[in-house]
Amino acid sequence: MVDALYNWFDNRLNISTGGRKIVNKIFPDHWSFMIGEIALYSFVVLLATGVFLSLYFVPSTATVVYNGPYTPLHGQVVSEAYASTINLSFSVRTGLLMRQMHHWAANIFLGAIVVHMCRIFFTGGFRRPREMNWIIGVNLLILSIFNGFLGYSLPDDLVSGTGIRIALSILESLPLVGSYLAVFLFGGKFPGTSLIPRFFLLHVLILPAVIALLIGMHLGLLVRQKHTQFRGGGATEHNVVGAPMWPTFMAKTQGFLFLVAGVTAILGAAVQINPIWLYGPYVPYHVTYAVQPDWYMGWLDGALRVMPSWETVWGPAVGGHMIPNAFWPAIVLPGITFTVLMMWPFIEARLTGDRVDHQLLDRPRDRPKRTALGVSVLSFYFVLFGASATDVLANYLDVSLNIVLVAFRVLVIAVPLVMYPLALKICKEIQDTPGAVKPKRHNIVVRSAEGGFEAVPSAGRPGDEKVELEPVSLDYAPVLEPAMAAAGGDGHGSVQVSAGTTAAAQAAMAAAASIAARGAAGKGGAGSGDGASGDGAGGDGDGAGGDGRKRGIFRIPRNYR
Amino acid sequence: MTQPGSSHGSGDGPPPIETVGYDAPQFQVAAAHPRRMEKAVAIAFLAALAGAAGFGAAFWVNADNFWLGATLGVTFVGLGAGFVAWGKYLMPRGPFSESRHSLVPSEEHKEQFVDEFASRGKVAIERRGFLLKIAGAGTAVFGIVAMFPLIRSLGPLPKKFFFSSYWYRGAYLVTPYGTRLQVSSMKPGGMATVFPPTDIGGPFSQTMLVRQGTADITTAPGRETWSPQGYMAFSKVCTHAGCPVGLYQQVTRQLLCPCHQSLFDVGPGRAAVPVFGPAPRPLPQLPLYVDSRGYLRAQKGYDEPVGPGFWERGNSNG
């Protein structure tokens with residue numbers, strides 16, 4: 001039945017030829033490649049939980065008198081957006097869980113994007129030919145920050161409402177068009193009635209669609225250009241070494257989707273996030289202590305706080321214009337940040353004169369200047385992030401607010417200046433250390449008969465020495481005939497067009513791996529595999545198998561039963 | 001099990017699981033004891049099964065958020081751990097390699113493509129360049145015109161929007177609940193948020209009323225009559241980013257904005273001057289008077305735009 005279905009589609013779409021490339025795509029095996037997957041799978045969690053939430057959320061600022069199960073709010077006049085968020089949290093089964101998972105997933109999504117970006121930056125993964133994917137990634141970051149902000153603004157609670165008021169001021173601060181954009185966005189007077197519906201539309205439809213499209217392009221380019229990889233283990237500029245898409249990577253990545261969802265669910269269960277019923281509804285003249293945005297906006301909030309109180313005014317005599325204070329930290333700073341980020345592959349190519357293709361990644365220490373620059377710039381944003389908590393820190397440390405703020409104004413300049421030479425020095429030290437990152441062995445101090453002492457390295461333990469296996473070639477002709485014959489005794493010399501190939505490939509892969517695992521003996525086997533792999537590419541083998549036996553793709557080859 | 005090509009033990013049995021072969025110690029353990037790893041994976045999947053059943057039960061009895069999330073989490077983590085371990089320890093892992101080819105096309109291919117593209121293009125387009133120009137002009141005009149419904153329709157023009165004060169001559173000072181304030185309403189040291197009667201709760205008209213003593217106060221030259229009997233009123237919209245300047249420190253006589261910690265001095269002779277933080281300008285002051293019946297009222301509206309700066313603001317005084 002499955003075979004028949006497969007054949008039906010295959011005979012109309014030729015799934016086999018392309019499918020073979022897909023199942024044989026090689027994924028390098030390095031933990032740092034997993035960070036992007038976290039981002040991808042948090043996006044999946046966001047979509048799933050978001051669809052659930054949109055069933056119950058009412059994007060309206062029309063006011064209602066709250067009379068739901070949360071008694072402290074009884075009788076309060078609140079917006080429908082706020083009331084429906086409370087309602088879906090308290091009255092809809094699993095509603096609170098879905099809401100908290102959604103919020104957590106958003107925070108994880110952005111965290112994973114940022115860490116993923118750091119990984120790409122510090123290992124030079126953005127270099128030619130992957131500049132396009134870097135730019136797409138930066139755009140994903142920007143859009144996700146926007147969408148995160150829109151999302152937590154929707155419940156119309158006091159904290160997010162204050163955030164929207166600040167966003168209005170930032171928009172207003174744009175030279176020339178600021179007041180127009182501010183009024184257009186809000187559809188008139190702040191806060192108005194257009195805001196929540198507009199934010200809702202942007203949040204659930206437009207931005208997710210663009211983000212999904214960009215993620216598709218991100219992955220499409222990844223497949224087209226293949227993965228980068230670290231040196232070692234047989235990796236070169238002309239191959240990709242790792243585990244195949246099917247079944248190994250599929251199993252692991254599928255597992256990873258579940259793990260991300262599971263961690264999100266546990267966070268949603270155990271760690272409260274954004275309890276809007278405690279904040280209360282947004283009232284323009286109310287405000288609360290410790291108004292902090294979600295973490296990914298923290299650096300902007302911090303920048304707003306540490307910015308000195310400058311404002312540029314040209315009086316009526318010279319046109320009567322003003323560049324407001326918020327323009328510098330909230331428009332210029334992110335503008336520069338994201339422009340430089342997007343342009344970085346080209347900036348670095350200009351600085352280094354390095355314009356050739358790179359498939360092998362750098363270790364951060366091997367590019368001390370880039371690493372030091374990255375560390376320095378990152379530390380700048382870290383300090384800004386810390387500065388978004390000046391009030392909380394002053395409270396917590398029991399010092400005056402002034403001291404905390406002045407300290408941050410100094411630190412935001414000083415820390416990056418210190419971090420650059422520090423990181424540079426550390427990189428160079430590691431470079432110069434022989435045997436760095438190899439497992440250390442104990443030294444045994446031995447006393448000689450004369451009374452002298454000597455340190456003797458202890459004997460190695462199993463696992464100290466990492467044997468690097470030679471990779472087995474999988475160049476779209478993964479049928480290793482001798483190995484196949486050995487494994488299952490199946491037909492000889494048959495690269496079957498559709499069915500047999502993948503099953504055979506699986507057997508061959510296992511067999512080849514067994515060969516490789518046996519070290520010296522494996523070399524011979526791998527060699528014979530290479531020989532066999534040559535011309536079968538394209539999959540147009542020479543007809544049916546020798547013994548004419550039919551084998552289905554979903555049938556497990558005999559040696560696997 | 002030493003030679004590739006020799007049969008695997010009993011011939012038709014599964015190939016030994018050490019065929020996933022890898023060098024690191026943890027893989028050696030898994031390869032040497034595949035049954036253990038199978039058991040571990042099975043336990044993970046069973047945990048997921050139990051978790052899923054638990055989630056169903058928790059949903060059925062309408063359990064707490066914690067139990068819903070915990071069971072769902074166990075389900076997902078069990079599935080995840082099982083799949084990852086299965087893939088990591090019990091599946092062919094290699095290392096395998098595939099070759100990578102440069103994506104830079106050969107000169108020949110480039111030339112062929114450019115030839116076909118450009119030569120046909122020449123015939124079809126360049127020869128009738130005027131058509132292209134007209135088409136381009138049409139599209140461009142449409143692109144510009146399309147901006148009108150897309151952007152212009154979003155809202156009204158700002159006009160004097162950010163300049164308007166909502167306060168006016170003779171406006172009573174009214175609390176959010178609609179009560180008119182009198183001189184006797186507040187003791188020295190008190191504070192309240194007030195609005196004009198026509199815009200109660202308004203985000204731009206909100207005003208901070210504080211009382212310091214009972215004597216008239218002059219906050220700045222020219223404002224001798226603005227603060228009768230110790231009452232002073234300042235716009236509650238921060239000049240930095242527009243948050244409500246909601247905290248009044250009675251002892252230091254300072255107003256604090258809790259968003260970005262701008263501090264405004266409202267002590268004697270100080271007209272809400274920013275003394276700390278990012279706020280660049282004093283809070284605008286609302287001139288007050290006490291009418292014959294003892295009500296607090298505004299002498300006039302604010303004489304400058306309230307709140308944070310904007311491009312056109314350089315035109316206003318203050």
# chains A, B, ... in the order shown; residues from 1 in each chain; ligands from 1
>>> closest_atom_pairs(of="chain B", to="chain A", cutoff="6 Å", atoms="only C-alpha atoms", output="tab-separated table")
residue	atom	partner	partner_atom	distance
B:Pro4	CA	A:Ile515	CA	5.8
B:Gly5	CA	A:Ala486	CA	4.6
B:Asp12	CA	A:Asn559	CA	5.7
B:Pro14	CA	A:Tyr560	CA	5.0
B:Thr19	CA	A:Ser514	CA	3.7
B:Val20	CA	A:Ala513	CA	5.9
B:Gly21	CA	A:Ala517	CA	4.6
B:Pro25	CA	A:Gly463	CA	5.4
B:Asn65	CA	A:Ala269	CA	5.8
B:Phe66	CA	A:Ala269	CA	4.3
B:Gly69	CA	A:Ala269	CA	4.2
B:Ala70	CA	A:Ile266	CA	5.4
B:Gly73	CA	A:Gly262	CA	4.2
B:Phe76	CA	A:Gly262	CA	4.4
B:Val77	CA	A:Gly262	CA	4.8
B:Gly80	CA	A:Gly255	CA	3.7
B:Phe83	CA	A:Gly255	CA	4.5
B:Val84	CA	A:Lys252	CA	4.2
B:Gly87	CA	A:Thr248	CA	4.8
B:Met91	CA	A:Thr248	CA	5.5
B:Pro92	CA	A:Ala510	CA	5.3
B:Arg93	CA	A:Ala243	CA	5.0
B:Gly94	CA	A:Ala513	CA	5.4
B:Pro95	CA	A:Pro471	CA	4.7
B:Phe96	CA	A:Val472	CA	4.5
B:Ser97	CA	A:Val241	CA	4.2
B:Glu98	CA	A:Asp475	CA	4.9
B:Ser99	CA	A:Asn239	CA	4.0
B:Arg100	CA	A:Asn239	CA	4.8
B:Leu154	CA	A:Phe184	CA	4.9
B:Gly155	CA	A:Gly187	CA	4.0
B:Pro156	CA	A:Gly188	CA	5.9
B:Pro158	CA	A:Tyr180	CA	5.8
B:Pro203	CA	A:Pro284	CA	5.1
B:Ala241	CA	A:Ile166	CA	5.2
B:Pro244	CA	A:Tyr285	CA	5.7
B:Pro258	CA	A:Tyr289	CA	5.8
B:Cys259	CA	A:Val291	CA	5.9
B:His260	CA	A:Arg305	CA	5.1
B:Pro278	CA	A:Ser309	CA	4.2
B:Ala279	CA	A:Ser309	CA	5.3
B:Pro280	CA	A:Ser309	CA	4.5
B:Gly309	CA	A:Pro324	CA	4.8
B:Phe310	CA	A:Ser173	CA	4.9
B:Trp311	CA	A:Met322	CA	4.7
B:Glu312	CA	A:His321	CA	5.0
B:Arg313	CA	A:Met322	CA	5.9
B:Gly314	CA	A:Gly320	CA	4.0
B:Asn315	CA	A:Gly320	CA	4.1
>>> write_last_selection(atoms="N, CA and C atoms", output="CSV table (one decimal), in the first residue's frame")
chain,number,residue,atom,x,y,z
B,4,PRO,N,35.7,-6.3,7.0
B,4,PRO,CA,34.6,-5.9,6.3
B,4,PRO,C,34.4,-7.0,5.2
B,5,GLY,N,33.2,-7.4,5.0
B,5,GLY,CA,32.9,-8.4,4.0
B,5,GLY,C,32.7,-9.7,4.6
B,12,ASP,N,22.3,-13.6,9.1
B,12,ASP,CA,21.2,-12.8,8.8
B,12,ASP,C,20.8,-11.8,9.9
B,14,PRO,N,20.8,-8.7,12.6
B,14,PRO,CA,21.2,-7.3,12.4
B,14,PRO,C,22.7,-7.1,12.6
B,19,THR,N,28.3,-0.6,14.8
B,19,THR,CA,28.5,0.0,13.4
B,19,THR,C,28.2,1.5,13.4
B,20,VAL,N,27.5,2.0,14.5
B,20,VAL,CA,27.4,3.4,14.5
B,20,VAL,C,28.7,4.1,14.8
B,21,GLY,N,29.6,3.3,15.1
B,21,GLY,CA,31.0,3.6,15.4
B,21,GLY,C,31.4,5.0,15.6
B,25,PRO,N,34.4,8.4,24.1
B,25,PRO,CA,34.0,7.3,25.1
B,25,PRO,C,32.6,7.0,25.2
B,65,ASN,N,-2.4,25.1,36.2
B,65,ASN,CA,-1.5,25.3,35.2
B,65,ASN,C,-0.2,24.5,35.3
B,66,PHE,N,0.3,24.4,36.6
B,66,PHE,CA,1.5,23.7,36.8
B,66,PHE,C,1.4,22.2,36.3
B,69,GLY,N,1.2,22.0,32.5
B,69,GLY,CA,2.5,22.3,31.8
B,69,GLY,C,3.5,21.2,32.1
B,70,ALA,N,3.5,20.7,33.4
B,70,ALA,CA,4.5,19.7,33.7
B,70,ALA,C,4.3,18.4,33.0
B,73,GLY,N,5.2,19.0,29.4
B,73,GLY,CA,6.7,19.1,29.4
B,73,GLY,C,7.3,17.7,29.4
B,76,PHE,N,6.9,16.1,26.0
B,76,PHE,CA,7.8,16.6,25.0
B,76,PHE,C,9.2,16.2,25.3
B,77,VAL,N,9.6,16.3,26.5
B,77,VAL,CA,11.0,16.1,26.9
B,77,VAL,C,11.3,14.6,26.7
B,80,GLY,N,11.6,14.0,23.0
B,80,GLY,CA,12.8,14.6,22.6
B,80,GLY,C,14.0,13.8,22.9
B,83,PHE,N,14.2,10.5,21.0
B,83,PHE,CA,14.6,10.7,19.6
B,83,PHE,C,16.1,11.1,19.5
B,84,VAL,N,16.5,12.0,20.3
B,84,VAL,CA,17.9,12.5,20.2
B,84,VAL,C,18.8,11.3,20.5
B,87,GLY,N,18.8,8.8,17.7
B,87,GLY,CA,19.6,9.3,16.5
B,87,GLY,C,21.1,9.3,16.8
B,91,MET,N,22.0,5.2,15.5
B,91,MET,CA,21.8,5.3,14.0
B,91,MET,C,23.2,5.6,13.4
B,92,PRO,N,23.3,5.2,12.1
B,92,PRO,CA,24.6,5.4,11.4
B,92,PRO,C,25.0,6.8,11.5
B,93,ARG,N,26.2,7.0,11.9
B,93,ARG,CA,26.6,8.3,12.3
B,93,ARG,C,27.9,8.8,11.5
B,94,GLY,N,28.5,7.8,11.0
B,94,GLY,CA,29.7,8.2,10.2
B,94,GLY,C,30.9,8.3,11.0
B,95,PRO,N,31.8,9.2,10.6
B,95,PRO,CA,31.5,10.4,9.8
B,95,PRO,C,31.4,10.0,8.3
B,96,PHE,N,30.4,10.6,7.7
B,96,PHE,CA,30.3,10.5,6.2
B,96,PHE,C,30.6,11.8,5.6
B,97,SER,N,30.9,11.8,4.4
B,97,SER,CA,31.1,13.1,3.7
B,97,SER,C,30.5,13.1,2.4
B,98,GLU,N,30.1,14.3,2.0
B,98,GLU,CA,29.6,14.5,0.6
B,98,GLU,C,30.5,15.6,0.1
B,99,SER,N,30.7,15.6,-1.2
B,99,SER,CA,31.6,16.6,-1.8
B,99,SER,C,30.8,17.9,-2.0
B,100,ARG,N,31.6,18.9,-2.1
B,100,ARG,CA,31.0,20.3,-2.2
B,100,ARG,C,31.6,20.9,-3.5
B,154,LEU,N,-3.9,56.2,7.1
B,154,LEU,CA,-3.7,55.6,8.4
B,154,LEU,C,-4.2,56.6,9.5
B,155,GLY,N,-4.1,57.8,9.3
B,155,GLY,CA,-4.5,58.7,10.4
B,155,GLY,C,-4.6,60.2,9.8
B,156,PRO,N,-5.1,61.1,10.7
B,156,PRO,CA,-5.1,62.5,10.3
B,156,PRO,C,-3.7,63.1,10.2
B,158,PRO,N,-0.8,65.5,11.6
B,158,PRO,CA,-0.6,65.9,13.0
B,158,PRO,C,-1.0,67.4,13.2
B,203,PRO,N,-4.3,61.5,28.1
B,203,PRO,CA,-2.9,61.2,28.2
B,203,PRO,C,-2.0,62.4,28.1
B,241,ALA,N,10.6,60.7,27.5
B,241,ALA,CA,9.9,59.7,26.7
B,241,ALA,C,8.4,59.6,26.9
B,244,PRO,N,4.3,58.9,32.5
B,244,PRO,CA,3.8,59.7,33.6
B,244,PRO,C,4.9,59.9,34.7
B,258,PRO,N,9.4,57.1,36.7
B,258,PRO,CA,9.8,55.7,37.0
B,258,PRO,C,10.3,55.0,35.8
B,259,CYS,N,10.1,55.5,34.6
B,259,CYS,CA,10.5,54.8,33.4
B,259,CYS,C,12.0,54.8,33.2
B,260,HIS,N,12.6,56.1,33.2
B,260,HIS,CA,14.0,56.2,33.0
B,260,HIS,C,14.7,57.1,34.0
B,278,PRO,N,17.9,61.4,32.0
B,278,PRO,CA,18.0,61.8,30.5
B,278,PRO,C,17.0,63.0,30.1
B,279,ALA,N,16.1,63.4,31.0
B,279,ALA,CA,15.1,64.4,30.6
B,279,ALA,C,15.8,65.7,30.3
B,280,PRO,N,15.6,66.2,29.1
B,280,PRO,CA,16.3,67.4,28.7
B,280,PRO,C,15.7,68.8,29.1
B,309,GLY,N,10.2,65.8,23.0
B,309,GLY,CA,10.4,66.7,21.8
B,309,GLY,C,10.0,66.0,20.5
B,310,PHE,N,9.9,66.9,19.5
B,310,PHE,CA,9.6,66.4,18.2
B,310,PHE,C,10.2,67.5,17.2
B,311,TRP,N,10.3,67.1,16.0
B,311,TRP,CA,11.0,67.9,15.0
B,311,TRP,C,10.5,69.4,15.0
B,312,GLU,N,9.2,69.6,14.9
B,312,GLU,CA,8.6,70.9,14.7
B,312,GLU,C,8.7,71.7,16.0
B,313,ARG,N,9.1,71.1,17.1
B,313,ARG,CA,8.9,71.8,18.4
B,313,ARG,C,9.8,73.0,18.6
B,314,GLY,N,10.9,73.1,17.8
B,314,GLY,CA,11.8,74.2,17.9
B,314,GLY,C,11.1,75.5,17.7
B,315,ASN,N,9.9,75.5,17.1
B,315,ASN,CA,9.1,76.7,16.8
B,315,ASN,C,8.5,77.3,18.1
>>> select_by_dssp(residues="region 22-245 of chain B", states="alpha helix (DSSP H)", output="ChimeraX atom specification")
/B:25-32,34-60,65-89,107-124,129-151
>>> closest_residue(among="A:Gly151, A:Leu53, A:Met217, A:Trp277", to="Tyr66 (chain A)", atoms="only C-alpha atoms")
A:Trp277
>>> residues_around(residues="Leu300 (chain A)", least_positions_apart="6", cutoff="8 Å", atoms="only C-alpha atoms", output="PyMOL selection string")
chain A and resi 329-330+334+384-385+388
>>> residues_around(residues="Asp303 (chain B)", least_positions_apart="5", cutoff="12 Å", atoms="only C-alpha atoms", output="NGL selection string")
:B and (163-169 or 223 or 234-235 or 283-287 or 298 or 316-318)
>>> residues_around(residues="Arg119 (chain A)", least_positions_apart="3", cutoff="12 Å", atoms="only C-alpha atoms", output="PDB file with N, CA and C atoms, in the first residue's frame")
ATOM      1  N   HIS A  30      28.312  19.382  15.255  1.00  0.00           N
ATOM      2  CA  HIS A  30      28.957  20.248  16.239  1.00  0.00           C
ATOM      3  C   HIS A  30      27.871  20.903  17.060  1.00  0.00           C
ATOM      4  N   TRP A  31      28.078  20.942  18.362  1.00  0.00           N
ATOM      5  CA  TRP A  31      26.997  21.431  19.223  1.00  0.00           C
ATOM      6  C   TRP A  31      26.550  22.831  18.843  1.00  0.00           C
ATOM      7  N   SER A  32      27.483  23.646  18.363  1.00  0.00           N
ATOM      8  CA  SER A  32      27.119  25.043  18.125  1.00  0.00           C
ATOM      9  C   SER A  32      26.155  25.180  16.952  1.00  0.00           C
ATOM     10  N   PHE A  33      26.025  24.119  16.146  1.00  0.00           N
ATOM     11  CA  PHE A  33      25.099  24.194  15.013  1.00  0.00           C
ATOM     12  C   PHE A  33      23.659  24.015  15.466  1.00  0.00           C
ATOM     13  N   MET A  34      23.520  23.665  16.752  1.00  0.00           N
ATOM     14  CA  MET A  34      22.207  23.356  17.290  1.00  0.00           C
ATOM     15  C   MET A  34      21.452  24.630  17.687  1.00  0.00           C
ATOM     16  N   ILE A  35      22.192  25.740  17.849  1.00  0.00           N
ATOM     17  CA  ILE A  35      21.569  26.947  18.380  1.00  0.00           C
ATOM     18  C   ILE A  35      20.532  27.489  17.405  1.00  0.00           C
ATOM     19  N   GLY A  36      20.897  27.429  16.114  1.00  0.00           N
ATOM     20  CA  GLY A  36      19.935  27.863  15.114  1.00  0.00           C
ATOM     21  C   GLY A  36      18.683  27.003  15.143  1.00  0.00           C
ATOM     22  N   ALA A 112      17.962  32.621  21.147  1.00  0.00           N
ATOM     23  CA  ALA A 112      18.641  31.686  20.257  1.00  0.00           C
ATOM     24  C   ALA A 112      19.145  32.410  19.014  1.00  0.00           C
ATOM     25  N   ILE A 113      18.344  33.353  18.510  1.00  0.00           N
ATOM     26  CA  ILE A 113      18.787  34.096  17.325  1.00  0.00           C
ATOM     27  C   ILE A 113      20.083  34.844  17.633  1.00  0.00           C
ATOM     28  N   VAL A 114      20.103  35.497  18.792  1.00  0.00           N
ATOM     29  CA  VAL A 114      21.281  36.306  19.117  1.00  0.00           C
ATOM     30  C   VAL A 114      22.501  35.405  19.325  1.00  0.00           C
ATOM     31  N   VAL A 115      22.327  34.301  20.045  1.00  0.00           N
ATOM     32  CA  VAL A 115      23.475  33.418  20.284  1.00  0.00           C
ATOM     33  C   VAL A 115      23.933  32.790  18.965  1.00  0.00           C
ATOM     34  N   HIS A 116      22.978  32.394  18.157  1.00  0.00           N
ATOM     35  CA  HIS A 116      23.295  31.844  16.837  1.00  0.00           C
ATOM     36  C   HIS A 116      24.103  32.857  16.022  1.00  0.00           C
ATOM     37  N   PHE A 122      31.616  34.851  15.390  1.00  0.00           N
ATOM     38  CA  PHE A 122      32.932  34.531  15.941  1.00  0.00           C
ATOM     39  C   PHE A 122      33.641  33.429  15.156  1.00  0.00           C
ATOM     40  N   THR A 123      32.896  32.640  14.399  1.00  0.00           N
ATOM     41  CA  THR A 123      33.557  31.594  13.624  1.00  0.00           C
ATOM     42  C   THR A 123      33.707  31.976  12.157  1.00  0.00           C
ATOM     43  N   GLY A 124      33.289  33.185  11.814  1.00  0.00           N
ATOM     44  CA  GLY A 124      33.468  33.633  10.432  1.00  0.00           C
ATOM     45  C   GLY A 124      32.534  32.964   9.445  1.00  0.00           C
ATOM     46  N   GLY A 125      31.396  32.473   9.930  1.00  0.00           N
ATOM     47  CA  GLY A 125      30.462  31.797   9.033  1.00  0.00           C
ATOM     48  C   GLY A 125      29.780  32.726   8.053  1.00  0.00           C
ATOM     49  N   PHE A 126      29.936  34.037   8.247  1.00  0.00           N
ATOM     50  CA  PHE A 126      29.248  35.010   7.397  1.00  0.00           C
ATOM     51  C   PHE A 126      30.032  35.326   6.142  1.00  0.00           C
ATOM     52  N   TRP A 134      23.658  35.804   6.012  1.00  0.00           N
ATOM     53  CA  TRP A 134      23.919  36.659   7.183  1.00  0.00           C
ATOM     54  C   TRP A 134      22.936  37.827   7.201  1.00  0.00           C
ATOM     55  N   THR A 228      28.687  25.070   6.596  1.00  0.00           N
ATOM     56  CA  THR A 228      30.095  25.263   6.929  1.00  0.00           C
ATOM     57  C   THR A 228      30.487  24.159   7.900  1.00  0.00           C
ATOM     58  N   LEU A 361      35.228  26.841   9.052  1.00  0.00           N
ATOM     59  CA  LEU A 361      35.038  27.901  10.037  1.00  0.00           C
ATOM     60  C   LEU A 361      36.336  28.193  10.784  1.00  0.00           C
ATOM     61  N   ASP A 362      36.409  29.409  11.278  1.00  0.00           N
ATOM     62  CA  ASP A 362      37.540  29.778  12.139  1.00  0.00           C
ATOM     63  C   ASP A 362      37.244  29.367  13.559  1.00  0.00           C
ATOM     64  N   ARG A 363      38.306  29.047  14.285  1.00  0.00           N
ATOM     65  CA  ARG A 363      38.121  29.048  15.732  1.00  0.00           C
ATOM     66  C   ARG A 363      38.328  30.483  16.183  1.00  0.00           C
ATOM     67  N   PRO A 364      37.523  30.949  17.105  1.00  0.00           N
ATOM     68  CA  PRO A 364      37.585  32.374  17.462  1.00  0.00           C
ATOM     69  C   PRO A 364      39.010  32.830  17.784  1.00  0.00           C
ATOM     70  N   THR A 371      37.568  38.501  16.966  1.00  0.00           N
ATOM     71  CA  THR A 371      36.997  38.048  18.229  1.00  0.00           C
ATOM     72  C   THR A 371      36.989  39.169  19.253  1.00  0.00           C
ATOM     73  N   GLY A 374      34.368  41.661  18.432  1.00  0.00           N
ATOM     74  CA  GLY A 374      33.039  41.136  18.753  1.00  0.00           C
ATOM     75  C   GLY A 374      32.772  41.164  20.246  1.00  0.00           C
ATOM     76  N   VAL A 375      33.753  40.746  21.025  1.00  0.00           N
ATOM     77  CA  VAL A 375      33.589  40.729  22.472  1.00  0.00           C
ATOM     78  C   VAL A 375      33.369  42.151  22.986  1.00  0.00           C
TER      79      VAL A 375
END
>>> decode(residues="region 117-134 of chain A", atoms="N, CA and C atoms", output="CSV table (one decimal), in the first residue's frame")
chain,number,residue,atom,x,y,z
A,117,MET,N,23.7,34.1,16.1
A,117,MET,CA,24.4,35.1,15.3
A,117,MET,C,25.8,35.3,15.9
A,118,CYS,N,26.0,35.2,17.2
A,118,CYS,CA,27.3,35.3,17.8
A,118,CYS,C,28.2,34.2,17.3
A,119,ARG,N,27.6,33.0,17.2
A,119,ARG,CA,28.3,31.8,16.8
A,119,ARG,C,28.8,32.1,15.3
A,120,ILE,N,27.9,32.5,14.5
A,120,ILE,CA,28.3,32.8,13.1
A,120,ILE,C,29.4,33.9,13.0
A,121,PHE,N,29.2,34.9,13.9
A,121,PHE,CA,30.2,36.0,13.8
A,121,PHE,C,31.6,35.5,14.2
A,122,PHE,N,31.6,34.9,15.4
A,122,PHE,CA,32.9,34.5,15.9
A,122,PHE,C,33.6,33.4,15.2
A,123,THR,N,32.9,32.6,14.4
A,123,THR,CA,33.6,31.6,13.6
A,123,THR,C,33.7,32.0,12.2
A,124,GLY,N,33.3,33.2,11.8
A,124,GLY,CA,33.5,33.6,10.4
A,124,GLY,C,32.5,33.0,9.4
A,125,GLY,N,31.4,32.5,9.9
A,125,GLY,CA,30.5,31.8,9.0
A,125,GLY,C,29.8,32.7,8.1
A,126,PHE,N,29.9,34.0,8.2
A,126,PHE,CA,29.2,35.0,7.4
A,126,PHE,C,30.0,35.3,6.1
A,127,ARG,N,31.3,34.8,6.0
A,127,ARG,CA,32.1,35.2,4.9
A,127,ARG,C,31.6,34.6,3.6
A,128,ARG,N,32.1,35.1,2.5
A,128,ARG,CA,31.8,34.6,1.2
A,128,ARG,C,31.8,33.1,1.2
A,129,PRO,N,30.8,32.4,0.7
A,129,PRO,CA,29.7,32.8,-0.1
A,129,PRO,C,28.4,33.1,0.7
A,130,ARG,N,28.5,33.3,2.0
A,130,ARG,CA,27.2,33.3,2.9
A,130,ARG,C,26.8,34.6,3.3
A,131,GLU,N,27.2,35.7,2.6
A,131,GLU,CA,26.8,37.0,3.1
A,131,GLU,C,25.3,37.2,3.0
A,132,MET,N,24.7,36.6,2.0
A,132,MET,CA,23.2,36.8,1.9
A,132,MET,C,22.5,36.2,3.1
A,133,ASN,N,23.0,35.1,3.5
A,133,ASN,CA,22.3,34.4,4.6
A,133,ASN,C,22.5,35.2,5.9
A,134,TRP,N,23.7,35.8,6.0
A,134,TRP,CA,23.9,36.7,7.2
A,134,TRP,C,22.9,37.8,7.2
